[in-house]
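Working notes for the structure below.
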2 protein chains.
Amino acid sequence: MLYHITVPQFIKMLHNLGHILDKAEAHSKEKKFEMNVLLNTHLTPNMFSLIRQIQIACDTAKLCTSRLSGKEAPVNDDSEKTLPELKNRIHQTITYLESFKEGDFEGAETRHITQPRWEGKYLTGSEFTLQHAIPNLYFHISMAYAILRSNGVEIGKKDYLGEMPYKK
Amino acid sequence: MLYHITVPQFIKMLHNLGHILDKAEAHSKEKKFEMNVLLNTHLTPNMFSLIRQIQIACDTAKLCTSRLSGKEAPVNDDSEKTLPELKNRIHQTITYLESFKEGDFEGAETRHITQPRWEGKYLTGSEFTLQHAIPNLYFHISMAYAILRSNGVEIGKKDYLGEMPYKK
């Protein structure tokens with residue numbers, strides 16, 4: 001169950017994130033400003049910059065997947081400073097997620113998930129996914145969206161949600 | 001399956017939304033400004049105000065639940081203008097969600113979900129939940145958070161996520 005509610009949708013949302021960044025780049029060229037200025041913009045000074053929002057969104061998807069499957073995740077050093085580097089980070093994360101199959105999530109619901117800052121405490125895989133990973137992923141992608149939108153990039157809810165598999 | 005990934009977590013997130021609004025109200029009193037100013041604030045002028053973000057978050061949770069269970073949802077006229085009215089809207093929505101049981105979601109995964117603006121097209125219940133309702137709920141709560149945070153309300157990720165059921 002947890003595979004189906006995470007991996008395919010995480011991949012979709014990371015594609016959507018790449019897509020709104022492409023629109024932001026087109027906007028920066030049209031308005032003649034450096035994309036790096038936008039990448040280093042914060043919604044408010046004590047929130048993370050756009051660069052960090054993207055990195056954390058990628059890590060949230062990566063670490064949710066690795067933890068639920070009990071596999072070691074590749075380490076990222078968060079050194080990205082340019083749009084091509086960030087697009088590459090997103091691409092790498094998508095490739096990583098695509099390497100997982102439903103069977104890799106065997107027993108994920110009840111697996112004990114922890115991280116260093118939890119000081120030995122844990123959540124079950126289901127709790128971690130529903131109450132921590134999914135809300136966090138959407139939060140950081142929404143903050144990236146908010147930074148772009150509040151700086152004049154013309155994006156809308158459809159860009160955030162991506163294509164819907166409508167049927168007739 | 002869909003009940004477990006929606007109703008309990010939607011209720012939790014609506015409680016969290018009420019909680020950050022309480023913090024915003026305390027902030028407005030401390031800084032001596034009218035809470036209504038904040039409620040009518042937009043992150044950027046062509047995005048929805050805080051009032052609308054709250055109303056849409058409530059409707060997203062309500063309509064996801066009613067559509068998946070095939071029940072008619074109560075209609076809200078979106079007339080809220082004050083914090084008590086908005087807190088009441090959140091409370092009403094939580095009460096509505098709490099009236100559902102797992103059994104009400106029988107067959108929800110494959111149920112055809114549609115809405116007027118989709119012009120006769122539909123999504124399956126699973127598609128609607130994972131690709132539409134859940135991302136939308138987190139989007140609007142994140143935008144409410146972003147409006148508050150960028151206007152000086154001291155809230156953090158823990159307020160957005162709420163309590164975690166950590167175990168030892």
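Simple scheme: letters A, B, ... for chains in structure tokens order, numbers from 1 for residues in each chain, numbers from 1 for ligands in the order shown.
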
Legend entry - Exercise: A:Lys121 partners within 9 Å, only C-alpha atoms, chain neighbours under 3 positions left out, as a list in words: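 The neighbour list is Ile113, Thr114, Gln115 and Trp118 of chain A; Tyr166, Lys167 and Lys168 of chain B.
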
Inset, instruction - Run DSSP on the backbone of this structure and report the residues of stretch 5-151 of chain B it assigns to strand (DSSP E or B), as a list in words. - result: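 Strand (DSSP E or B) assignments inside stretch 5-151 of chain B correspond to His42, Ser49, His112, Ile113, Tyr122, Leu123 and Thr124 of chain B.
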
For the residues in that selection, give me C-alpha atoms as a short mmCIF file (atom, residue, chain, number, x, y, z; two decimals), in the first residue's frame.
data_model
loop_
_atom_site.label_atom_id
_atom_site.label_comp_id
_atom_site.auth_asym_id
_atom_site.auth_seq_id
_atom_site.Cartn_x
_atom_site.Cartn_y
_atom_site.Cartn_z
CA HIS B 42 -2.73 37.70 0.08
CA SER B 49 -6.50 35.64 0.61
CA HIS B 112 -15.77 7.46 -10.64
CA ILE B 113 -15.16 10.93 -9.22
CA TYR B 122 -13.69 11.52 -14.28
CA LEU B 123 -10.87 10.17 -12.15
CA THR B 124 -10.96 6.97 -10.17
#

Neighbouring residues of stretch 152-157 of chain A were defined as those with any atom within 8 Å, considering only C-alpha atoms; residues of the same chain fewer than 6 positions away were excluded. Please report them as a PDB file with C-alpha atoms, in the first residue's frame.
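What follows is the written file around.pdb:
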ATOM      1  CA  ILE A  20       7.778  25.298 -12.546  1.00  0.00           C
ATOM      2  CA  LYS A  23       8.883  28.477 -16.212  1.00  0.00           C
ATOM      3  CA  ALA A  24      10.849  30.518 -13.675  1.00  0.00           C
ATOM      4  CA  HIS A  27      10.565  34.387 -16.744  1.00  0.00           C
TER       5      HIS A  27
END

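Using only C-alpha atoms, we find that the part of chain B lying within 7 Å of chain A comprises B:Ile5, B:Gln9, B:Leu43, B:Thr44, B:Gly120, B:Lys121, B:Tyr122, B:Leu123, B:Leu130, B:Gln131, B:His132, B:Pro135, B:Tyr138, B:Phe139, B:Ser142, B:Ser150, B:Leu161, B:Pro165, B:Tyr166, B:Lys167, B:Lys168.
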
Legend entry - Exercise: A:Glu106 partners within 10 Å, only C-alpha atoms, chain neighbours under 2 positions left out, as a ChimeraX atom specification: /A:1-3,68-70,101-104,108-111

Legend entry - Distance query A:Lys62 at most 8 Å, only C-alpha atoms, self and fewer than 4 positions along chain excluded, as a list in words: Cys58, Ser66, Ala73, Thr93, Tyr96 and Leu97 of chain A

Just to be explicit: take each residue in the selection above, keep C-alpha atoms, and write the result as a PDB file, in the first residue's frame.
ATOM      1  CA  CYS A  58      14.271  15.917  -3.050  1.00  0.00           C
ATOM      2  CA  SER A  66      14.869   4.459   1.349  1.00  0.00           C
ATOM      3  CA  ALA A  73      20.018   6.149   0.493  1.00  0.00           C
ATOM      4  CA  THR A  93      16.096  11.750  -7.219  1.00  0.00           C
ATOM      5  CA  TYR A  96      16.447   6.777  -7.610  1.00  0.00           C
ATOM      6  CA  LEU A  97      12.708   6.553  -6.910  1.00  0.00           C
TER       7      LEU A  97
END
